[in-house]
>>> print(open('data.cif').read())   # mmCIF, C-alpha atoms (C1' of nucleotides)
data_upload
loop_
_atom_site.label_atom_id
_atom_site.label_comp_id
_atom_site.auth_asym_id
_atom_site.auth_seq_id
_atom_site.Cartn_x
_atom_site.Cartn_y
_atom_site.Cartn_z
CA MET E 1 0.00 0.00 0.00
CA SER E 2 1.64 3.18 -1.10
CA SER E 3 0.17 6.27 0.47
CA THR E 4 1.55 8.67 -2.10
CA PRO E 5 0.10 8.11 -5.56
CA GLU E 6 3.60 7.68 -6.93
CA ASN E 7 6.12 6.68 -4.33
CA THR E 8 9.84 7.09 -4.74
CA ARG E 9 10.45 3.55 -5.85
CA THR E 10 7.94 3.85 -8.64
CA ARG E 11 9.31 7.24 -9.58
CA ILE E 12 12.76 5.71 -9.95
CA LEU E 13 11.42 2.90 -12.09
CA ASN E 14 9.57 5.30 -14.36
CA ALA E 15 12.58 7.57 -14.60
CA ALA E 16 14.82 4.69 -15.60
CA TRP E 17 12.22 3.41 -18.02
CA THR E 18 11.87 6.77 -19.70
CA LEU E 19 15.61 7.17 -20.09
CA LEU E 20 16.12 3.67 -21.43
CA GLU E 21 13.23 4.00 -23.86
CA SER E 22 14.41 7.34 -25.14
CA GLY E 23 17.56 5.73 -26.44
CA GLU E 24 19.72 8.11 -24.44
CA ALA E 25 23.32 7.04 -24.43
CA LYS E 26 23.77 7.99 -20.78
CA THR E 27 22.02 5.58 -18.51
CA ARG E 28 24.21 5.64 -15.44
CA MET E 29 22.79 5.24 -11.99
CA SER E 30 23.32 8.96 -11.46
CA ASP E 31 21.26 9.72 -14.57
CA PHE E 32 18.37 7.66 -13.26
CA ALA E 33 18.61 9.44 -9.92
CA LYS E 34 18.72 12.89 -11.47
CA ARG E 35 15.70 12.08 -13.60
CA ALA E 36 13.82 10.82 -10.58
CA GLY E 37 14.70 14.00 -8.68
CA ILE E 38 16.67 12.34 -5.91
CA SER E 39 20.32 11.89 -5.05
CA ARG E 40 22.36 8.98 -6.36
CA GLN E 41 22.69 7.60 -2.86
CA ALA E 42 18.95 7.61 -2.27
CA LEU E 43 18.63 5.42 -5.32
CA TYR E 44 20.83 2.84 -3.64
CA LEU E 45 18.48 2.89 -0.68
CA HIS E 46 15.81 1.47 -2.97
CA PHE E 47 17.84 -0.76 -5.27
CA PRO E 48 21.07 -2.38 -4.13
CA SER E 49 22.58 -2.46 -7.60
CA ARG E 50 22.05 -1.52 -11.21
CA ALA E 51 21.23 -5.12 -12.03
CA GLU E 52 18.50 -5.29 -9.41
CA LEU E 53 17.02 -2.03 -10.60
CA LEU E 54 16.83 -3.30 -14.17
CA ILE E 55 15.38 -6.62 -13.08
CA ALA E 56 12.72 -4.85 -11.05
CA LEU E 57 12.09 -2.67 -14.07
CA THR E 58 11.35 -5.65 -16.29
CA ARG E 59 8.70 -6.74 -13.83
CA HIS E 60 7.35 -3.21 -13.69
CA VAL E 61 7.11 -3.06 -17.47
CA ASP E 62 5.46 -6.47 -17.60
CA ALA E 63 2.86 -5.31 -15.12
CA VAL E 64 2.14 -2.04 -16.89
CA LYS E 65 2.13 -3.49 -20.39
CA GLY E 66 0.34 -6.69 -19.51
CA ILE E 67 2.49 -9.29 -21.19
CA ASP E 68 0.61 -12.09 -19.46
CA ASP E 69 -2.70 -11.12 -20.99
CA ARG E 70 -1.20 -10.85 -24.42
CA LEU E 71 0.43 -14.25 -24.34
CA ALA E 72 -2.70 -15.80 -22.88
CA ALA E 73 -4.51 -14.86 -26.09
CA SER E 74 -2.07 -16.93 -28.11
CA ARG E 75 -2.92 -19.96 -26.01
CA ALA E 76 -6.56 -19.75 -27.03
CA ALA E 77 -5.95 -20.61 -30.68
CA THR E 78 -7.19 -24.04 -31.70
CA THR E 79 -5.07 -25.08 -34.67
CA GLY E 80 -1.31 -25.27 -34.55
CA ARG E 81 -0.95 -22.75 -37.30
CA ASP E 82 -3.19 -20.21 -35.60
CA ARG E 83 -1.32 -20.72 -32.44
CA LEU E 84 2.00 -20.13 -34.12
CA ASP E 85 0.71 -16.98 -35.76
CA ALA E 86 -0.77 -15.70 -32.52
CA PHE E 87 2.42 -16.34 -30.62
CA VAL E 88 4.60 -14.64 -33.19
CA ALA E 89 2.32 -11.61 -33.15
CA ALA E 90 2.00 -11.49 -29.36
CA TRP E 91 5.71 -11.77 -28.64
CA GLY E 92 6.82 -9.80 -31.68
CA ASN E 93 4.63 -6.91 -30.64
CA TYR E 94 5.88 -7.09 -27.09
CA ILE E 95 9.53 -6.75 -28.01
CA PRO E 96 9.37 -2.99 -28.63
CA ASP E 97 7.94 -2.55 -25.14
CA ILE E 98 10.81 -4.23 -23.36
CA TYR E 99 13.57 -3.41 -25.80
CA GLY E 100 14.97 -0.48 -23.82
CA VAL E 101 15.26 -2.44 -20.60
CA GLY E 102 16.29 -5.57 -22.39
CA ARG E 103 19.11 -3.83 -24.12
CA ALA E 104 20.46 -2.47 -20.86
CA LEU E 105 20.17 -5.88 -19.24
CA MET E 106 21.86 -7.60 -22.18
CA ALA E 107 24.71 -5.12 -22.01
CA MET E 108 25.44 -6.30 -18.46
CA GLN E 109 25.46 -10.00 -19.23
CA ASP E 110 29.21 -10.31 -19.38
CA SER E 111 29.95 -8.37 -16.23
CA ASP E 112 27.07 -9.30 -13.95
CA PRO E 113 25.99 -12.91 -13.45
CA GLU E 114 22.84 -11.82 -11.69
CA ALA E 115 21.76 -9.76 -14.69
CA ALA E 116 22.67 -12.60 -17.01
CA ALA E 117 20.55 -15.03 -15.01
CA ALA E 118 17.58 -12.67 -14.94
CA TRP E 119 17.61 -12.10 -18.68
CA ASP E 120 18.16 -15.76 -19.37
CA ASN E 121 15.21 -16.54 -17.19
CA ARG E 122 12.93 -14.27 -19.18
CA MET E 123 14.18 -15.69 -22.43
CA GLN E 124 13.48 -19.20 -21.20
CA ALA E 125 9.90 -18.14 -20.67
CA VAL E 126 9.76 -17.04 -24.29
CA ARG E 127 11.27 -20.35 -25.28
CA GLU E 128 8.47 -22.14 -23.50
CA GLY E 129 6.00 -20.17 -25.56
CA CYS E 130 7.86 -21.32 -28.66
CA ALA E 131 7.79 -24.89 -27.44
CA ALA E 132 4.04 -24.70 -26.90
CA ALA E 133 3.48 -23.41 -30.42
CA VAL E 134 5.69 -26.17 -31.82
CA ALA E 135 3.82 -28.79 -29.81
CA ALA E 136 0.52 -27.52 -31.20
CA LEU E 137 1.88 -27.79 -34.72
CA GLN E 138 3.05 -31.30 -34.06
CA ALA E 139 -0.32 -32.31 -32.65
CA ASP E 140 -1.83 -31.26 -35.97
CA GLY E 141 0.81 -33.18 -37.88
CA ALA E 142 1.85 -29.87 -39.34
CA LEU E 143 5.44 -29.81 -38.12
CA THR E 144 8.09 -30.28 -40.79
CA PRO E 145 9.76 -33.70 -40.61
CA ASP E 146 13.13 -32.00 -41.08
CA LEU E 147 13.21 -30.87 -37.47
CA THR E 148 12.72 -32.50 -34.12
CA PRO E 149 10.32 -30.57 -31.86
CA GLU E 150 13.33 -29.50 -29.82
CA GLN E 151 15.15 -28.16 -32.83
CA ALA E 152 12.03 -26.48 -34.15
CA THR E 153 11.67 -24.76 -30.79
CA ASP E 154 15.28 -23.57 -30.86
CA LEU E 155 14.87 -22.28 -34.39
CA LEU E 156 11.66 -20.39 -33.69
CA TRP E 157 13.18 -18.98 -30.53
CA THR E 158 16.16 -17.71 -32.45
CA LEU E 159 14.00 -16.33 -35.24
CA LEU E 160 12.10 -14.32 -32.65
CA SER E 161 15.10 -13.13 -30.66
CA VAL E 162 15.32 -9.57 -29.44
CA ARG E 163 18.60 -9.25 -31.35
CA GLY E 164 16.88 -10.22 -34.56
CA TRP E 165 14.15 -7.66 -33.97
CA GLU E 166 16.80 -5.07 -33.17
CA GLN E 167 18.53 -5.72 -36.45
CA LEU E 168 15.44 -5.65 -38.64
CA VAL E 169 13.51 -2.86 -36.98
CA ARG E 170 16.21 -0.64 -35.53
CA ALA E 171 19.11 -1.21 -37.89
CA CYS E 172 17.26 -1.93 -41.15
CA GLY E 173 14.38 0.41 -40.40
CA TRP E 174 11.52 -2.02 -40.91
CA PRO E 175 8.18 -0.82 -39.62
CA GLN E 176 6.95 -2.90 -36.71
CA ASP E 177 3.96 -4.31 -38.57
CA ARG E 178 6.15 -5.39 -41.45
CA TYR E 179 8.41 -7.18 -38.98
CA VAL E 180 5.45 -9.11 -37.59
CA THR E 181 4.10 -9.96 -41.02
CA VAL E 182 7.40 -11.23 -42.36
CA MET E 183 8.24 -13.13 -39.20
CA THR E 184 4.88 -14.82 -39.22
CA GLU E 185 5.41 -15.98 -42.78
CA THR E 186 9.03 -16.94 -42.15
CA ALA E 187 8.12 -18.94 -39.05
CA ARG E 188 5.42 -20.79 -40.98
CA ARG E 189 7.77 -21.63 -43.79
CA ALA E 190 10.55 -22.69 -41.47
CA LEU E 191 8.46 -24.92 -39.24
CA MET E 192 5.50 -26.20 -41.16
CA ALA E 193 5.46 -29.29 -43.31
CA GLY E 194 4.25 -29.49 -46.84
CA ALA E 195 4.11 -27.69 -50.12
CA MET W 1 59.51 -6.48 -42.82
CA SER W 2 59.82 -8.22 -39.52
CA SER W 3 63.20 -9.72 -38.79
CA THR W 4 62.02 -12.09 -36.07
CA PRO W 5 59.79 -14.87 -37.32
CA GLU W 6 57.12 -13.80 -34.85
CA ASN W 7 57.45 -10.18 -33.91
CA THR W 8 55.90 -8.64 -30.84
CA ARG W 9 52.89 -7.28 -32.64
CA THR W 10 52.03 -10.71 -33.99
CA ARG W 11 52.67 -12.28 -30.61
CA ILE W 12 50.20 -9.88 -29.06
CA LEU W 13 47.58 -10.66 -31.70
CA ASN W 14 48.00 -14.39 -31.23
CA ALA W 15 47.89 -14.05 -27.47
CA ALA W 16 44.67 -12.05 -27.63
CA TRP W 17 43.21 -14.47 -30.14
CA THR W 18 43.98 -17.47 -27.98
CA LEU W 19 42.43 -15.88 -24.92
CA LEU W 20 39.32 -14.74 -26.73
CA GLU W 21 38.86 -18.13 -28.38
CA SER W 22 39.29 -20.01 -25.16
CA GLY W 23 36.19 -18.37 -23.77
CA GLU W 24 38.12 -17.00 -20.81
CA ALA W 25 36.13 -14.49 -18.84
CA LYS W 26 39.18 -12.33 -18.26
CA THR W 27 40.19 -10.52 -21.39
CA ARG W 28 41.59 -7.29 -20.03
CA MET W 29 44.46 -5.55 -21.69
CA SER W 30 46.70 -6.78 -18.90
CA ASP W 31 45.67 -10.37 -19.60
CA PHE W 32 46.61 -10.03 -23.24
CA ALA W 33 49.95 -8.54 -22.24
CA LYS W 34 50.70 -11.26 -19.72
CA ARG W 35 49.88 -13.93 -22.25
CA ALA W 36 52.15 -12.28 -24.82
CA GLY W 37 54.95 -12.12 -22.25
CA ILE W 38 55.27 -8.34 -22.19
CA SER W 39 54.21 -5.55 -19.88
CA ARG W 40 50.85 -3.88 -20.16
CA GLN W 41 52.51 -0.63 -21.20
CA ALA W 42 54.41 -2.29 -24.03
CA LEU W 43 51.09 -3.44 -25.37
CA TYR W 44 50.00 0.19 -25.63
CA LEU W 45 53.12 0.89 -27.66
CA HIS W 46 51.72 -1.41 -30.34
CA PHE W 47 48.00 -0.74 -30.08
CA PRO W 48 46.69 2.60 -28.86
CA SER W 49 43.50 1.12 -27.44
CA ARG W 50 41.60 -2.06 -26.86
CA ALA W 51 39.33 -1.25 -29.77
CA GLU W 52 42.23 -0.89 -32.18
CA LEU W 53 43.74 -4.15 -30.99
CA LEU W 54 40.50 -6.00 -31.60
CA ILE W 55 40.04 -4.38 -34.99
CA ALA W 56 43.56 -5.36 -36.00
CA LEU W 57 42.79 -8.83 -34.69
CA THR W 58 39.81 -9.23 -36.99
CA ARG W 59 42.08 -8.47 -39.94
CA HIS W 60 44.66 -10.90 -38.61
CA VAL W 61 42.07 -13.65 -38.29
CA ASP W 62 40.75 -12.92 -41.77
CA ALA W 63 44.23 -13.25 -43.18
CA VAL W 64 45.03 -16.47 -41.35
CA LYS W 65 41.66 -18.11 -41.93
CA GLY W 66 41.25 -16.90 -45.48
CA ILE W 67 37.73 -15.55 -45.47
CA ASP W 68 38.20 -14.03 -48.90
CA ASP W 69 38.92 -17.35 -50.53
CA ARG W 70 35.98 -18.97 -48.87
CA LEU W 71 33.51 -16.33 -49.94
CA ALA W 72 34.96 -16.31 -53.44
CA ALA W 73 33.84 -19.91 -53.81
CA SER W 74 30.25 -18.91 -53.19
CA ARG W 75 30.45 -16.46 -56.06
CA ALA W 76 31.27 -19.25 -58.49
CA ALA W 77 27.87 -20.94 -58.24
CA THR W 78 25.71 -20.57 -61.31
CA THR W 79 22.12 -20.90 -60.14
CA GLY W 80 20.61 -18.64 -57.52
CA ARG W 81 19.85 -21.55 -55.29
CA ASP W 82 23.38 -22.92 -55.42
CA ARG W 83 24.69 -19.50 -54.71
CA LEU W 84 22.46 -19.10 -51.68
CA ASP W 85 23.49 -22.50 -50.37
CA ALA W 86 27.17 -21.78 -50.93
CA PHE W 87 26.97 -18.42 -49.22
CA VAL W 88 25.13 -19.79 -46.19
CA ALA W 89 27.73 -22.53 -45.86
CA ALA W 90 30.72 -20.23 -46.39
CA TRP W 91 29.63 -17.56 -43.94
CA GLY W 92 28.03 -19.97 -41.50
CA ASN W 93 31.25 -21.92 -41.28
CA TYR W 94 33.28 -18.77 -40.85
CA ILE W 95 31.33 -17.55 -37.84
CA PRO W 96 33.03 -19.94 -35.38
CA ASP W 97 36.39 -18.60 -36.50
CA ILE W 98 35.63 -14.97 -35.70
CA TYR W 99 33.20 -15.52 -32.87
CA GLY W 100 35.72 -14.89 -30.10
CA VAL W 101 36.88 -11.58 -31.51
CA GLY W 102 33.41 -10.66 -32.65
CA ARG W 103 32.00 -11.16 -29.23
CA ALA W 104 34.61 -8.90 -27.67
CA LEU W 105 34.02 -6.28 -30.32
CA MET W 106 30.26 -6.45 -29.93
CA ALA W 107 30.62 -6.01 -26.19
CA MET W 108 32.29 -2.65 -26.80
CA GLN W 109 29.69 -1.31 -29.19
CA ASP W 110 27.90 0.80 -26.62
CA SER W 111 30.99 2.33 -25.09
CA ASP W 112 33.31 2.75 -28.05
CA PRO W 113 32.11 4.32 -31.31
CA GLU W 114 35.26 3.21 -33.09
CA ALA W 115 34.61 -0.42 -32.22
CA ALA W 116 30.98 -0.04 -33.21
CA ALA W 117 31.95 1.36 -36.59
CA ALA W 118 34.48 -1.40 -37.21
CA TRP W 119 32.04 -4.18 -36.43
CA ASP W 120 29.30 -2.50 -38.39
CA ASN W 121 31.64 -2.28 -41.32
CA ARG W 122 32.32 -5.99 -41.28
CA MET W 123 28.66 -6.79 -40.97
CA GLN W 124 27.91 -4.58 -43.95
CA ALA W 125 30.30 -6.73 -45.95
CA VAL W 126 28.31 -9.79 -44.93
CA ARG W 127 25.15 -7.96 -45.93
CA GLU W 128 26.59 -7.42 -49.37
CA GLY W 129 27.14 -11.15 -49.67
CA CYS W 130 23.49 -11.63 -48.73
CA ALA W 131 22.45 -9.06 -51.32
CA ALA W 132 24.44 -10.86 -54.01
CA ALA W 133 22.78 -14.17 -53.19
CA VAL W 134 19.36 -12.53 -53.25
CA ALA W 135 20.15 -10.89 -56.59
CA ALA W 136 21.13 -14.28 -58.02
CA LEU W 137 17.84 -15.75 -56.83
CA GLN W 138 15.94 -12.92 -58.40
CA ALA W 139 17.77 -13.31 -61.69
CA ASP W 140 16.50 -16.90 -61.74
CA GLY W 141 12.98 -15.75 -60.92
CA ALA W 142 13.32 -17.82 -57.76
CA LEU W 143 12.82 -15.06 -55.20
CA THR W 144 9.56 -15.15 -53.30
CA PRO W 145 7.15 -12.42 -54.39
CA ASP W 146 6.40 -11.74 -50.71
CA LEU W 147 9.66 -9.83 -50.28
CA THR W 148 11.41 -7.03 -52.08
CA PRO W 149 15.07 -7.81 -52.79
CA GLU W 150 15.97 -5.32 -50.09
CA GLN W 151 13.77 -7.02 -47.52
CA ALA W 152 14.98 -10.45 -48.56
CA THR W 153 18.53 -9.25 -48.02
CA ASP W 154 17.70 -7.90 -44.56
CA LEU W 155 15.97 -11.13 -43.64
CA LEU W 156 18.80 -13.37 -44.79
CA TRP W 157 21.30 -11.13 -43.08
CA THR W 158 19.41 -11.41 -39.82
CA LEU W 159 18.97 -15.15 -40.20
CA LEU W 160 22.73 -15.47 -40.52
CA SER W 161 23.66 -13.07 -37.73
CA VAL W 162 26.42 -13.92 -35.32
CA ARG W 163 23.90 -13.56 -32.49
CA GLY W 164 21.70 -16.17 -34.08
CA TRP W 165 24.63 -18.55 -34.44
CA GLU W 166 25.58 -17.86 -30.83
CA GLN W 167 22.13 -18.77 -29.64
CA LEU W 168 21.77 -21.98 -31.64
CA VAL W 169 25.30 -23.34 -31.36
CA ARG W 170 26.52 -21.98 -28.04
CA ALA W 171 23.31 -21.68 -26.05
CA CYS W 172 21.25 -24.52 -27.55
CA GLY W 173 24.23 -26.78 -28.18
CA TRP W 174 23.66 -27.47 -31.85
CA PRO W 175 26.61 -29.05 -33.65
CA GLN W 176 28.07 -26.71 -36.24
CA ASP W 177 27.11 -28.90 -39.20
CA ARG W 178 23.53 -29.10 -38.00
CA TYR W 179 23.48 -25.32 -37.81
CA VAL W 180 24.60 -25.03 -41.42
CA THR W 181 22.15 -27.65 -42.62
CA VAL W 182 19.16 -26.11 -40.90
CA MET W 183 20.12 -22.58 -41.87
CA THR W 184 20.49 -23.60 -45.48
CA GLU W 185 17.03 -25.11 -45.50
CA THR W 186 15.53 -22.20 -43.55
CA ALA W 187 17.04 -19.64 -45.88
CA ARG W 188 15.70 -21.49 -48.90
CA ARG W 189 12.23 -21.67 -47.44
CA ALA W 190 12.27 -18.06 -46.33
CA LEU W 191 13.50 -16.58 -49.60
CA MET W 192 12.55 -18.86 -52.45
CA ALA W 193 9.28 -18.76 -54.30
CA GLY W 194 6.98 -21.64 -54.94
CA ALA W 195 5.65 -24.84 -53.53
"C1'" DG D 1 81.53 5.73 -26.96
"C1'" DG D 2 77.12 7.65 -28.64
"C1'" DC D 3 72.38 6.76 -30.73
"C1'" DT D 4 68.01 4.52 -31.45
"C1'" DT D 5 64.50 1.21 -30.71
"C1'" DT D 6 62.06 -1.53 -27.67
"C1'" DC D 7 60.73 -2.63 -23.54
"C1'" DT D 8 60.23 -2.00 -18.17
"C1'" DT D 9 58.63 0.03 -13.85
"C1'" DG D 10 55.90 3.01 -11.39
"C1'" DA D 11 52.74 6.78 -10.85
"C1'" DC D 12 48.60 9.01 -12.09
"C1'" DA D 13 43.97 10.64 -14.35
"C1'" DT D 14 39.35 9.13 -15.44
"C1'" DT D 15 34.84 6.84 -15.29
"C1'" DG D 16 31.29 4.38 -13.20
"C1'" DT D 17 29.75 1.21 -9.44
"C1'" DG D 18 29.02 0.42 -4.92
"C1'" DT D 19 29.91 1.30 0.41
"C1'" DA D 20 29.97 4.07 4.53
"C1'" DA D 21 29.10 7.66 7.83
"C1'" DA D 22 27.18 11.81 9.64
"C1'" DG D 23 23.74 15.28 9.29
"C1'" DT D 24 18.94 17.32 7.82
"C1'" DT D 25 14.01 17.35 7.47
"C1'" DG D 26 9.31 16.48 8.25
"C1'" DA D 27 5.63 13.59 10.02
"C1'" DC D 28 3.65 11.83 13.87
"C1'" DA D 29 2.83 10.04 18.62
"C1'" DT D 30 2.47 11.04 23.34
"C1'" DA T 1 7.04 20.63 23.11
"C1'" DT T 2 9.57 17.03 22.69
"C1'" DG T 3 11.37 12.76 21.11
"C1'" DT T 4 11.62 9.41 17.64
"C1'" DC T 5 11.70 7.39 13.11
"C1'" DA T 6 12.10 7.04 8.14
"C1'" DA T 7 13.62 8.97 4.06
"C1'" DC T 8 16.72 11.73 2.12
"C1'" DT T 9 21.17 14.63 1.61
"C1'" DT T 10 26.18 15.52 1.36
"C1'" DT T 11 30.69 14.06 1.43
"C1'" DA T 12 34.20 10.74 1.17
"C1'" DC T 13 36.18 6.62 -0.15
"C1'" DA T 14 37.31 1.70 -2.28
"C1'" DC T 15 37.68 -0.69 -6.55
"C1'" DA T 16 38.28 -2.16 -11.39
"C1'" DA T 17 39.70 -1.20 -15.89
"C1'" DT T 18 41.35 1.92 -19.52
"C1'" DG T 19 44.52 4.96 -21.03
"C1'" DT T 20 48.57 8.56 -20.25
"C1'" DC T 21 53.10 10.06 -18.83
"C1'" DA T 22 57.92 10.06 -17.58
"C1'" DA T 23 62.36 8.04 -16.30
"C1'" DG T 24 65.31 4.48 -17.12
"C1'" DA T 25 67.41 -0.27 -18.74
"C1'" DA T 26 69.12 -3.54 -22.50
"C1'" DA T 27 70.58 -4.55 -27.05
"C1'" DG T 28 71.89 -3.57 -31.61
"C1'" DC T 29 74.22 -0.45 -34.85
"C1'" DC T 30 77.44 3.15 -36.62
#
>>> encode(input="data.cif", output="structure tokens")
Amino acid sequence: MSSTPENTRTRILNAAWTLLESGEAKTRMSDFAKRAGISRQALYLHFPSRAELLIALTRHVDAVKGIDDRLAASRAATTGRDRLDAFVAAWGNYIPDIYGVGRALMAMQDSDPEAAAAWDNRMQAVREGCAAAVAALQADGALTPDLTPEQATDLLWTLLSVRGWEQLVRACGWPQDRYVTVMTETARRALMAGA
Amino acid sequence: MSSTPENTRTRILNAAWTLLESGEAKTRMSDFAKRAGISRQALYLHFPSRAELLIALTRHVDAVKGIDDRLAASRAATTGRDRLDAFVAAWGNYIPDIYGVGRALMAMQDSDPEAAAAWDNRMQAVREGCAAAVAALQADGALTPDLTPEQATDLLWTLLSVRGWEQLVRACGWPQDRYVTVMTETARRALMAGA
DNA sequence: GGCTTTCTTGACATTGTGTAAAGTTGACAT
DNA sequence: ATGTCAACTTTACACAATGTCAAGAAAGCC
């Protein structure tokens, strides 16, 4: 129960979020603090480290953006193909929402094991979504015989990686909807059996 | 003209290469120096910065591993499909050779503009190889009508990214030959027209 | 012997993270 | 009104890694 409508912790999270989203080069702890209107030391009273702040921020973003609801929709699809399409769209459209935080977290992977574990954990959740879509395809007999379900899952997971999105949308300048369209088609072609 | 068979500069490059390849966590300038058997300061007499060392190292690796020859082979193919296959195999099999250096260079992208530019430059060269393969497909009328040549190039480029290789081979544990096989098939399915 | 190149040692500046300690401020209870 | 508590501030420091600077040693060359 927070008495103030926006307590300090939330203000920090929103400040960090804003800075990371804006693509600012400078995202030091002191920048987050300045943006939140507090001292750098006060920030450490709320988050023991940069890694923990970013991890908390991913949860914050999830809560605000409602990733759970979006992925739930993809589970409703009946056929394997629909399920694949729905998953690609749901996750593909979520990437832009977490890209800022994700990028910061990925940048820490080499130096901070805690950050690496947190990001890996989230990516494993995505992988499970991929695995579910692949299983649905297989149940329909629609999975290509060229790939084991495991391999198909790995391939889809890689196809839908944040790095891949970064390259196509940020580096190549694809519009987001084009990304989703092409990825949907590419995933179908890569995973589905038949003509 | 180096009088000694292996001059200091080369010894530094090989030392850095070995350390980066071995997957050692510690790849500080002082580690490279220690491995090369010289002081850290002497290292700075040969390379003004970590970025420049890594950039020189990419050229060194290219020379030793002969990337040019390998890619030249892919240009010999006559049909678009053969050319695509040959390019996927040539580049896909080169990735393991530059992965160590590439990883170190990628890790510096956010902090060092010079490193970012150097890596970007190399990746643009790969993109040109992708564009050539796509052009060959189009000349055969084999390119899918779903994609413009530009988009097909972007897609192939992303499919063959070092990050993608990293995920499938290093994270998922795919054998290298399986990676090449699946990527060949995936690229065909993604880019080629028809049943 | 002088000269140059290459390397060595040691000190120092810089940047960003994280720790530590002492003081300020305002709310709130009694 | 006074005391207490939580949240915050300021200041200072430890640490890791990069990169700079200066003084000197060792070896080859003329």
>>> residues_around(input="data.cif", residues="segment 9-13 of chain D", least_positions_apart="5", cutoff="9 Å", atoms="all atoms listed in the file", output="list in words")
DG19, DT20, DC21 and DG24 of chain T
>>> closest_atom_pairs(input="data.cif", of="chain E", to="chain T", cutoff="10 Å", atoms="only C-alpha atoms (C1' of nucleotides)", output="JSON lines")
{"residue": "E:Thr8", "atom": "CA", "partner": "T:DA7", "partner_atom": "C1'", "distance": 9.8}
{"residue": "E:Ile38", "atom": "CA", "partner": "T:DC8", "partner_atom": "C1'", "distance": 8.1}
{"residue": "E:Ser39", "atom": "CA", "partner": "T:DT9", "partner_atom": "C1'", "distance": 7.3}
{"residue": "E:Arg40", "atom": "CA", "partner": "T:DT9", "partner_atom": "C1'", "distance": 9.8}
{"residue": "E:Gln41", "atom": "CA", "partner": "T:DT9", "partner_atom": "C1'", "distance": 8.5}
{"residue": "E:Ala42", "atom": "CA", "partner": "T:DC8", "partner_atom": "C1'", "distance": 6.4}
{"residue": "E:Leu43", "atom": "CA", "partner": "T:DC8", "partner_atom": "C1'", "distance": 9.9}
{"residue": "E:Leu45", "atom": "CA", "partner": "T:DA7", "partner_atom": "C1'", "distance": 9.1}
>>> residues_around(input="data.cif", residues="segment 150-165 of chain E", least_positions_apart="2", cutoff="6 Å", atoms="only C-alpha atoms (C1' of nucleotides)", output="CSV table (one decimal) with C-alpha atoms, in the coordinates of the input")
chain,number,residue,atom,x,y,z
E,127,ARG,CA,11.3,-20.4,-25.3
E,130,CYS,CA,7.9,-21.3,-28.7
E,131,ALA,CA,7.8,-24.9,-27.4
E,147,LEU,CA,13.2,-30.9,-37.5
E,148,THR,CA,12.7,-32.5,-34.1
E,167,GLN,CA,18.5,-5.7,-36.4
E,168,LEU,CA,15.4,-5.6,-38.6
E,169,VAL,CA,13.5,-2.9,-37.0
W,158,THR,CA,19.4,-11.4,-39.8
W,164,GLY,CA,21.7,-16.2,-34.1
>>> atom_distance(input="data.cif", atom1="atom CA of Asp146 of chain W", atom2="atom CA of Ala76 of chain E")
28.2 Å
>>> resolve_selection(input="data.cif", expression="the PyMOL selection byres ((chain D) within 10 of (chain E))", output="PyMOL selection string")
chain D and resi 16-18
>>> closest_residue(input="data.cif", among="E:Arg9, E:Arg70, E:Arg170, E:Arg75", to="chain W", atoms="all atoms listed in the file")
E:Arg170
